[in-house]
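File shown: upload-v3.cif. Contents: mmCIF, C-alpha atoms.
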data_model
#
loop_
_atom_site.label_atom_id
_atom_site.label_comp_id
_atom_site.auth_asym_id
_atom_site.auth_seq_id
_atom_site.Cartn_x
_atom_site.Cartn_y
_atom_site.Cartn_z
CA ARG A 1 -16.35 -10.35 215.59
CA ASP A 2 -16.11 -6.94 213.97
CA VAL A 3 -15.53 -4.94 217.14
CA ALA A 4 -11.90 -4.12 216.32
CA VAL A 5 -12.81 -2.92 212.82
CA LEU A 6 -15.73 -0.85 214.10
CA ALA A 7 -13.57 0.62 216.89
CA ALA A 8 -10.96 1.69 214.31
CA LEU A 9 -13.70 3.24 212.17
CA ALA A 10 -15.09 5.03 215.22
CA ARG A 11 -11.65 6.50 216.00
CA GLU A 12 -10.72 7.41 212.44
CA ALA A 13 -14.04 8.28 210.82
CA ASP A 14 -16.40 8.86 213.77
CA ALA A 15 -18.48 5.77 212.91
CA VAL A 16 -21.62 5.16 214.97
CA VAL A 17 -23.52 1.87 215.32
CA HIS A 18 -27.28 1.79 215.84
CA LEU A 19 -29.18 -1.41 216.62
CA SER A 20 -32.89 -1.79 216.08
CA ILE A 21 -34.63 -3.22 219.13
CA CYS A 22 -38.41 -3.34 219.07
CA PHE A 23 -39.10 -5.61 222.03
CA ALA A 24 -37.76 -5.73 225.57
CA ASP A 25 -38.89 -9.35 225.95
CA ASP A 26 -37.09 -12.23 224.18
CA ALA A 27 -40.21 -14.45 223.99
CA MET A 28 -42.35 -11.74 222.42
CA SER A 29 -39.59 -10.96 219.96
CA ARG A 30 -39.24 -14.63 219.01
CA ALA A 31 -43.01 -14.85 218.34
CA ILE A 32 -43.02 -11.89 215.94
CA GLU A 33 -39.41 -11.91 214.67
CA PRO A 34 -38.30 -15.55 214.56
CA ASN A 35 -34.78 -16.20 213.31
CA THR A 36 -33.47 -12.83 214.49
CA SER A 37 -31.21 -12.02 217.42
CA PRO A 38 -33.21 -11.71 220.64
CA PRO A 39 -33.28 -8.35 222.43
CA SER A 40 -31.04 -9.66 225.22
CA GLN A 41 -28.28 -10.30 222.65
CA ARG A 42 -28.81 -6.91 221.03
CA PHE A 43 -28.45 -5.13 224.38
CA GLU A 44 -25.30 -7.15 225.05
CA THR A 45 -23.97 -6.17 221.62
CA LEU A 46 -24.58 -2.50 222.47
CA ARG A 47 -22.60 -2.99 225.69
CA ILE A 48 -19.68 -4.70 223.91
CA LEU A 49 -19.51 -2.00 221.24
CA SER A 50 -19.87 0.84 223.75
CA ASP A 51 -17.15 -0.66 225.96
CA ALA A 52 -14.88 -0.73 222.90
CA GLY A 53 -15.25 3.05 222.53
CA ILE A 54 -17.78 2.98 219.71
CA ARG A 55 -20.62 5.48 219.92
CA THR A 56 -23.86 3.48 219.87
CA GLY A 57 -27.55 4.12 219.52
CA VAL A 58 -30.83 2.25 219.68
CA GLY A 59 -33.64 2.31 217.18
CA VAL A 60 -36.95 1.64 218.89
CA ALA A 61 -38.21 0.28 215.63
CA PRO A 62 -40.69 -0.63 214.62
CA VAL A 63 -43.09 0.70 217.21
CA ILE A 64 -46.23 -1.44 216.97
CA PRO A 65 -49.11 0.28 218.77
CA GLY A 66 -50.92 -2.09 221.11
CA LEU A 67 -48.07 -4.60 221.04
CA ASN A 68 -44.76 -3.01 222.01
CA ASP A 69 -45.52 0.66 222.66
CA ASP A 70 -45.61 -0.10 226.38
CA GLN A 71 -41.97 -1.29 226.12
CA VAL A 72 -40.50 1.96 224.72
CA ALA A 73 -39.27 3.23 228.11
CA GLU A 74 -37.71 -0.12 229.07
CA ILE A 75 -35.95 -0.46 225.70
CA LEU A 76 -34.49 3.03 226.05
CA ARG A 77 -33.43 2.42 229.67
CA ARG A 78 -31.75 -0.90 228.87
CA ALA A 79 -29.99 0.60 225.85
CA ARG A 80 -28.71 3.48 228.00
CA ASP A 81 -27.53 1.00 230.64
CA ALA A 82 -25.64 -0.77 227.83
CA GLY A 83 -23.88 2.47 226.88
CA ALA A 84 -26.03 3.80 224.03
CA THR A 85 -26.08 7.59 223.72
CA GLU A 86 -28.39 8.03 220.75
CA ALA A 87 -31.93 6.90 219.94
CA PHE A 88 -34.57 7.07 217.25
CA ARG A 89 -38.02 5.56 216.80
CA GLN A 90 -40.10 4.58 213.82
CA PRO A 91 -43.66 3.33 213.48
CA ILE A 92 -44.29 -0.01 211.85
CA ARG A 93 -44.47 -0.05 208.05
CA LEU A 94 -46.27 -2.99 206.50
CA SER A 95 -45.30 -2.71 202.87
CA GLY A 96 -45.45 -5.38 200.19
CA ALA A 97 -44.89 -8.94 201.37
CA THR A 98 -44.35 -7.78 204.96
CA LEU A 99 -48.07 -7.31 205.63
CA PRO A 100 -49.25 -10.94 205.22
CA VAL A 101 -46.22 -12.33 207.08
CA PHE A 102 -46.75 -9.95 210.01
CA LYS A 103 -50.50 -10.66 210.02
CA GLU A 104 -49.90 -14.41 210.19
CA ARG A 105 -47.36 -14.12 213.02
CA LEU A 106 -49.41 -11.61 215.00
CA GLU A 107 -52.61 -13.66 214.82
CA ALA A 108 -50.77 -16.88 215.72
CA ALA A 109 -48.89 -15.35 218.66
CA PHE A 110 -51.55 -12.98 220.03
CA PRO A 111 -54.97 -14.09 218.77
CA ASN A 112 -56.87 -12.24 221.52
CA ARG A 113 -55.07 -8.94 220.87
CA ALA A 114 -54.66 -9.04 217.09
CA ALA A 115 -57.84 -7.10 216.19
CA LYS A 116 -56.99 -4.27 218.61
CA ILE A 117 -53.43 -4.09 217.30
CA TRP A 118 -54.68 -3.93 213.69
CA ASN A 119 -57.05 -1.09 214.63
CA ALA A 120 -54.24 0.78 216.41
CA ILE A 121 -51.94 0.43 213.38
CA GLN A 122 -54.66 1.74 211.06
CA GLU A 123 -55.35 4.64 213.43
CA MET A 124 -51.65 5.50 213.46
CA ARG A 125 -51.51 5.26 209.63
CA GLY A 126 -54.59 7.34 208.81
CA GLY A 127 -56.80 4.32 208.08
CA LYS A 128 -54.13 2.34 206.21
CA PHE A 129 -51.63 -0.35 207.16
CA ASN A 130 -48.76 1.40 205.40
CA GLU A 131 -47.80 4.88 204.33
CA THR A 132 -45.57 5.18 201.28
CA ALA A 133 -45.37 8.95 200.90
CA PHE A 134 -41.85 10.25 201.40
CA GLY A 135 -41.56 12.11 204.70
CA ALA A 136 -44.80 10.63 206.04
CA ARG A 137 -43.84 6.97 206.09
CA MET A 138 -41.53 7.40 209.08
CA ARG A 139 -44.15 9.21 211.20
CA GLY A 140 -47.35 8.16 212.84
CA LEU A 141 -50.67 10.02 213.18
CA GLY A 142 -53.32 10.46 215.80
CA PRO A 143 -53.55 10.65 219.58
CA ARG A 144 -52.02 7.23 220.25
CA TRP A 145 -48.91 8.07 218.22
CA ALA A 146 -48.75 11.48 219.95
CA ALA A 147 -48.73 9.68 223.33
CA ILE A 148 -45.99 7.27 222.14
CA GLU A 149 -43.99 10.23 220.82
CA ALA A 150 -44.38 12.13 224.12
CA LEU A 151 -43.22 9.09 226.11
CA TYR A 152 -40.27 8.56 223.77
CA ARG A 153 -39.16 12.20 223.97
CA THR A 154 -39.58 12.35 227.75
CA GLU A 155 -37.54 9.18 228.26
CA CYS A 156 -34.83 10.31 225.84
CA ARG A 157 -34.52 13.61 227.68
CA ARG A 158 -34.50 11.89 231.09
CA LEU A 159 -31.87 9.36 230.00
CA GLY A 160 -29.70 11.89 228.18
CA PHE A 161 -30.04 10.52 224.66
CA ASN A 162 -29.12 12.54 221.55
CA ARG A 163 -27.20 15.28 223.34
CA HIS A 164 -24.09 15.18 221.14
CA ASP A 165 -21.96 17.01 223.71
CA GLU A 166 -18.79 15.75 222.09
CA PRO A 167 -16.77 18.14 219.93
CA GLU A 168 -17.36 17.61 216.23
CA ARG A 169 -14.50 15.94 214.39
CA ALA A 170 -13.21 16.91 211.01
CA SER A 171 -14.61 14.69 208.30
CA THR A 172 -12.41 12.03 206.75
CA PHE A 173 -14.30 12.38 203.45
CA ARG A 174 -12.24 13.78 200.59
CA ARG A 175 -13.78 14.80 197.29
CA PRO A 176 -12.01 13.14 194.35
CA GLU A 177 -9.83 15.51 192.35
CA TRP A 178 -11.26 14.23 189.07
CA GLN A 179 -14.50 12.60 188.09
CA PRO A 180 -14.32 9.66 185.68
CA THR A 181 -16.62 9.69 182.66
CA LEU A 182 -18.87 6.83 181.70
CA PHE A 183 -16.30 5.41 179.25
CA GLY A 184 -13.02 6.26 180.97
CA GLN A 185 -11.09 9.14 182.43
CA GLN A 186 -11.67 12.76 181.52
#

Represent the supplied structure as structure tokens.
Amino acid sequence: RDVAVLAALAREADAVVHLSICFADDAMSRAIEPNTSPPSQRFETLRILSDAGIRTGVGVAPVIPGLNDDQVAEILRRARDAGATEAFRQPIRLSGATLPVFKERLEAAFPNRAAKIWNAIQEMRGGKFNETAFGARMRGLGPRWAAIEALYRTECRRLGFNRHDEPERASTFRRPEWQPTLFGQQ
């Protein structure tokens, strides 16, 4: 419903839309992320936005080792087929109230795989389920994450993601000529 507005923003202010897609499979997504748009709809949204002239990207996020890391290449390929030109990835972060909710859903949906997935997450997080340190929370650790990262980079290169071959546009941002004070104008 916002395609026309986003297309105008893309023309005038070089707006870009990224969608997070962590599963290639609708059923798997529904088991872990109920009440969210299924991947098939997200890919279709990328196509609609791309067809409207809006630069789009896909966030392979969160990457959950042992659960969806084998879907990274398919997610990137389907996003590229839908017109996306940019991509990023991020390992799962299980902060605060997210951890028990994810644990409950994972163990209900994949009881035979849950223990291995928990171990893989801890391996990727240096023995923890979450990393809060700035700069480190968006990266994974260890050989499994290195393999995921290598696959991601190889597929991005093969599919032509993140090339930014387009000429850079002048920014539409303008610094205000005056700065208001806390209690009124200067």

Run the PyMOL selection byres ((chain A and resi 115-122) around 10) on the file and write out the hits as a PDB file with C-alpha atoms, in the coordinates of the input.
ATOM      1  CA  VAL A  63     -43.090   0.700 217.210  1.00  0.00           C
ATOM      2  CA  ILE A  64     -46.230  -1.440 216.970  1.00  0.00           C
ATOM      3  CA  PRO A  65     -49.110   0.280 218.770  1.00  0.00           C
ATOM      4  CA  GLY A  66     -50.920  -2.090 221.110  1.00  0.00           C
ATOM      5  CA  LEU A  67     -48.070  -4.600 221.040  1.00  0.00           C
ATOM      6  CA  ASN A  68     -44.760  -3.010 222.010  1.00  0.00           C
ATOM      7  CA  PRO A  91     -43.660   3.330 213.480  1.00  0.00           C
ATOM      8  CA  ILE A  92     -44.290  -0.010 211.850  1.00  0.00           C
ATOM      9  CA  ARG A  93     -44.470  -0.050 208.050  1.00  0.00           C
ATOM     10  CA  LEU A  94     -46.270  -2.990 206.500  1.00  0.00           C
ATOM     11  CA  LYS A 103     -50.500 -10.660 210.020  1.00  0.00           C
ATOM     12  CA  LEU A 106     -49.410 -11.610 215.000  1.00  0.00           C
ATOM     13  CA  GLU A 107     -52.610 -13.660 214.820  1.00  0.00           C
ATOM     14  CA  PHE A 110     -51.550 -12.980 220.030  1.00  0.00           C
ATOM     15  CA  PRO A 111     -54.970 -14.090 218.770  1.00  0.00           C
ATOM     16  CA  ASN A 112     -56.870 -12.240 221.520  1.00  0.00           C
ATOM     17  CA  ARG A 113     -55.070  -8.940 220.870  1.00  0.00           C
ATOM     18  CA  ALA A 114     -54.660  -9.040 217.090  1.00  0.00           C
ATOM     19  CA  GLU A 123     -55.350   4.640 213.430  1.00  0.00           C
ATOM     20  CA  MET A 124     -51.650   5.500 213.460  1.00  0.00           C
ATOM     21  CA  ARG A 125     -51.510   5.260 209.630  1.00  0.00           C
ATOM     22  CA  GLY A 126     -54.590   7.340 208.810  1.00  0.00           C
ATOM     23  CA  GLY A 127     -56.800   4.320 208.080  1.00  0.00           C
ATOM     24  CA  LYS A 128     -54.130   2.340 206.210  1.00  0.00           C
ATOM     25  CA  PHE A 129     -51.630  -0.350 207.160  1.00  0.00           C
ATOM     26  CA  ASN A 130     -48.760   1.400 205.400  1.00  0.00           C
ATOM     27  CA  GLY A 140     -47.350   8.160 212.840  1.00  0.00           C
ATOM     28  CA  LEU A 141     -50.670  10.020 213.180  1.00  0.00           C
ATOM     29  CA  GLY A 142     -53.320  10.460 215.800  1.00  0.00           C
ATOM     30  CA  ARG A 144     -52.020   7.230 220.250  1.00  0.00           C
ATOM     31  CA  TRP A 145     -48.910   8.070 218.220  1.00  0.00           C
TER      32      TRP A 145
END

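Going from CA of Leu46 in chain A to CA of Gln90 in chain A covers 19.1 Å.
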
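Distances to Thr56 in chain A were evaluated for A:Pro34, A:Ser40, A:Ser29, A:Ser20 using all atoms listed in the file, and the minimum falls at A:Ser20.
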
Shell of 10 Å around Arg158 in chain A, all atoms listed in the file, local chain residues under 5 positions omitted, as number ranges by chain | A: 77, 152-153

Given the PyMOL selection byres ((chain A and resi 21-27) around 10), the residues it picks as an MDAnalysis selection string | chainID A and resid 18:20 28:34 37:43 58:64 67:76 78:79 89:90 92

Applied to the shown file, which residues does the PyMOL selection byres ((chain A and resi 84) around 8) return, written as a VMD selection string?
-> chain A and resid 46 to 47 50 55 to 58 79 to 83 85 to 87 161

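A straight line drawn from CA of Ile48 in chain A to CA of Ala13 in chain A is 19.3 Å long.
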
Tell me, in Å to one decimal, how far CA of Thr45 in chain A is from CA of Arg1 in chain A.
-> 10.6 Å

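Comparing the minimum interatomic distances between Val5 in chain A and each of A:Glu44, A:Arg157, A:Asn162, A:Ile54, counting all atoms listed in the file, we find that A:Ile54 sits nearest.
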
Enclose all atoms of range 133-148 of chain A listed in the file in an axis-aligned box, grow every side by 4 Å, and hand back centre and edge lengths in Å to one decimal, as JSON.
{"center_x": -47.5, "center_y": 9.5, "center_z": 212.1, "size_x": 20.0, "size_y": 13.1, "size_z": 30.4}

Could you add the missing atoms to range 122-133 of chain A, up to all heavy atoms, and return them as a compact mmCIF listing (two decimals), in the frame of the given file?
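Output (out_13.txt):
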# COMPACT_ATOMS: atom_id res chain seq x y z
N GLN A 122 -53.91 0.95 212.03
CA GLN A 122 -54.66 1.74 211.06
C GLN A 122 -54.90 3.16 211.57
O GLN A 122 -54.81 4.12 210.79
CB GLN A 122 -55.99 1.07 210.74
CG GLN A 122 -55.83 -0.13 209.83
CD GLN A 122 -57.16 -0.73 209.47
OE1 GLN A 122 -57.88 -1.21 210.33
NE2 GLN A 122 -57.49 -0.69 208.19
N GLU A 123 -55.17 3.31 212.86
CA GLU A 123 -55.35 4.64 213.43
C GLU A 123 -54.07 5.46 213.28
O GLU A 123 -54.10 6.63 212.92
CB GLU A 123 -55.72 4.52 214.91
CG GLU A 123 -55.80 5.86 215.64
CD GLU A 123 -55.90 5.69 217.14
OE1 GLU A 123 -56.48 4.69 217.60
OE2 GLU A 123 -55.38 6.56 217.85
N MET A 124 -52.94 4.82 213.54
CA MET A 124 -51.65 5.50 213.46
C MET A 124 -51.26 5.81 212.01
O MET A 124 -50.44 6.69 211.75
CB MET A 124 -50.58 4.61 214.11
CG MET A 124 -49.21 5.20 214.13
SD MET A 124 -47.99 4.01 214.72
CE MET A 124 -47.95 2.82 213.39
N ARG A 125 -51.84 5.10 211.05
CA ARG A 125 -51.51 5.26 209.63
C ARG A 125 -52.64 5.91 208.84
O ARG A 125 -52.71 5.76 207.63
CB ARG A 125 -51.17 3.90 209.01
CG ARG A 125 -49.85 3.35 209.45
CD ARG A 125 -48.75 4.17 208.86
NE ARG A 125 -47.43 3.69 209.20
CZ ARG A 125 -46.37 4.44 209.12
NH1 ARG A 125 -46.45 5.68 208.71
NH2 ARG A 125 -45.20 3.97 209.45
N GLY A 126 -53.52 6.63 209.52
CA GLY A 126 -54.59 7.34 208.81
C GLY A 126 -55.54 6.42 208.08
O GLY A 126 -55.99 6.73 206.97
N GLY A 127 -55.86 5.26 208.67
CA GLY A 127 -56.80 4.32 208.08
C GLY A 127 -56.15 3.26 207.21
O GLY A 127 -56.84 2.39 206.68
N LYS A 128 -54.84 3.31 207.05
CA LYS A 128 -54.13 2.34 206.21
C LYS A 128 -53.22 1.48 207.09
O LYS A 128 -53.03 1.75 208.26
CB LYS A 128 -53.28 3.08 205.17
CG LYS A 128 -54.08 4.00 204.26
CD LYS A 128 -53.19 4.68 203.24
CE LYS A 128 -52.60 5.94 203.82
NZ LYS A 128 -51.83 6.72 202.87
N PHE A 129 -52.62 0.46 206.47
CA PHE A 129 -51.63 -0.35 207.16
C PHE A 129 -50.22 0.13 206.86
O PHE A 129 -49.27 -0.23 207.54
CB PHE A 129 -51.75 -1.83 206.79
CG PHE A 129 -52.96 -2.48 207.37
CD1 PHE A 129 -53.94 -3.00 206.53
CD2 PHE A 129 -53.14 -2.58 208.73
CE1 PHE A 129 -55.07 -3.60 207.06
CE2 PHE A 129 -54.26 -3.17 209.27
CZ PHE A 129 -55.23 -3.68 208.43
N ASN A 130 -50.07 0.93 205.81
CA ASN A 130 -48.76 1.40 205.40
C ASN A 130 -48.90 2.78 204.79
O ASN A 130 -49.91 3.10 204.18
CB ASN A 130 -48.14 0.44 204.38
CG ASN A 130 -46.73 0.81 204.01
OD1 ASN A 130 -45.95 1.21 204.86
ND2 ASN A 130 -46.38 0.69 202.76
N GLU A 131 -47.88 3.57 204.96
CA GLU A 131 -47.80 4.88 204.33
C GLU A 131 -46.55 4.89 203.47
O GLU A 131 -45.46 4.61 203.96
CB GLU A 131 -47.72 5.98 205.39
CG GLU A 131 -47.54 7.37 204.84
CD GLU A 131 -48.63 7.78 203.87
OE1 GLU A 131 -49.78 7.93 204.31
OE2 GLU A 131 -48.33 7.93 202.67
N THR A 132 -46.71 5.20 202.19
CA THR A 132 -45.57 5.18 201.28
C THR A 132 -45.05 6.55 200.94
O THR A 132 -43.96 6.67 200.38
CB THR A 132 -45.92 4.44 199.98
OG1 THR A 132 -47.03 5.11 199.35
CG2 THR A 132 -46.27 2.99 200.25
N ALA A 133 -45.78 7.60 201.27
CA ALA A 133 -45.37 8.95 200.90
C ALA A 133 -44.08 9.33 201.61
O ALA A 133 -43.95 9.16 202.83
CB ALA A 133 -46.46 9.96 201.23
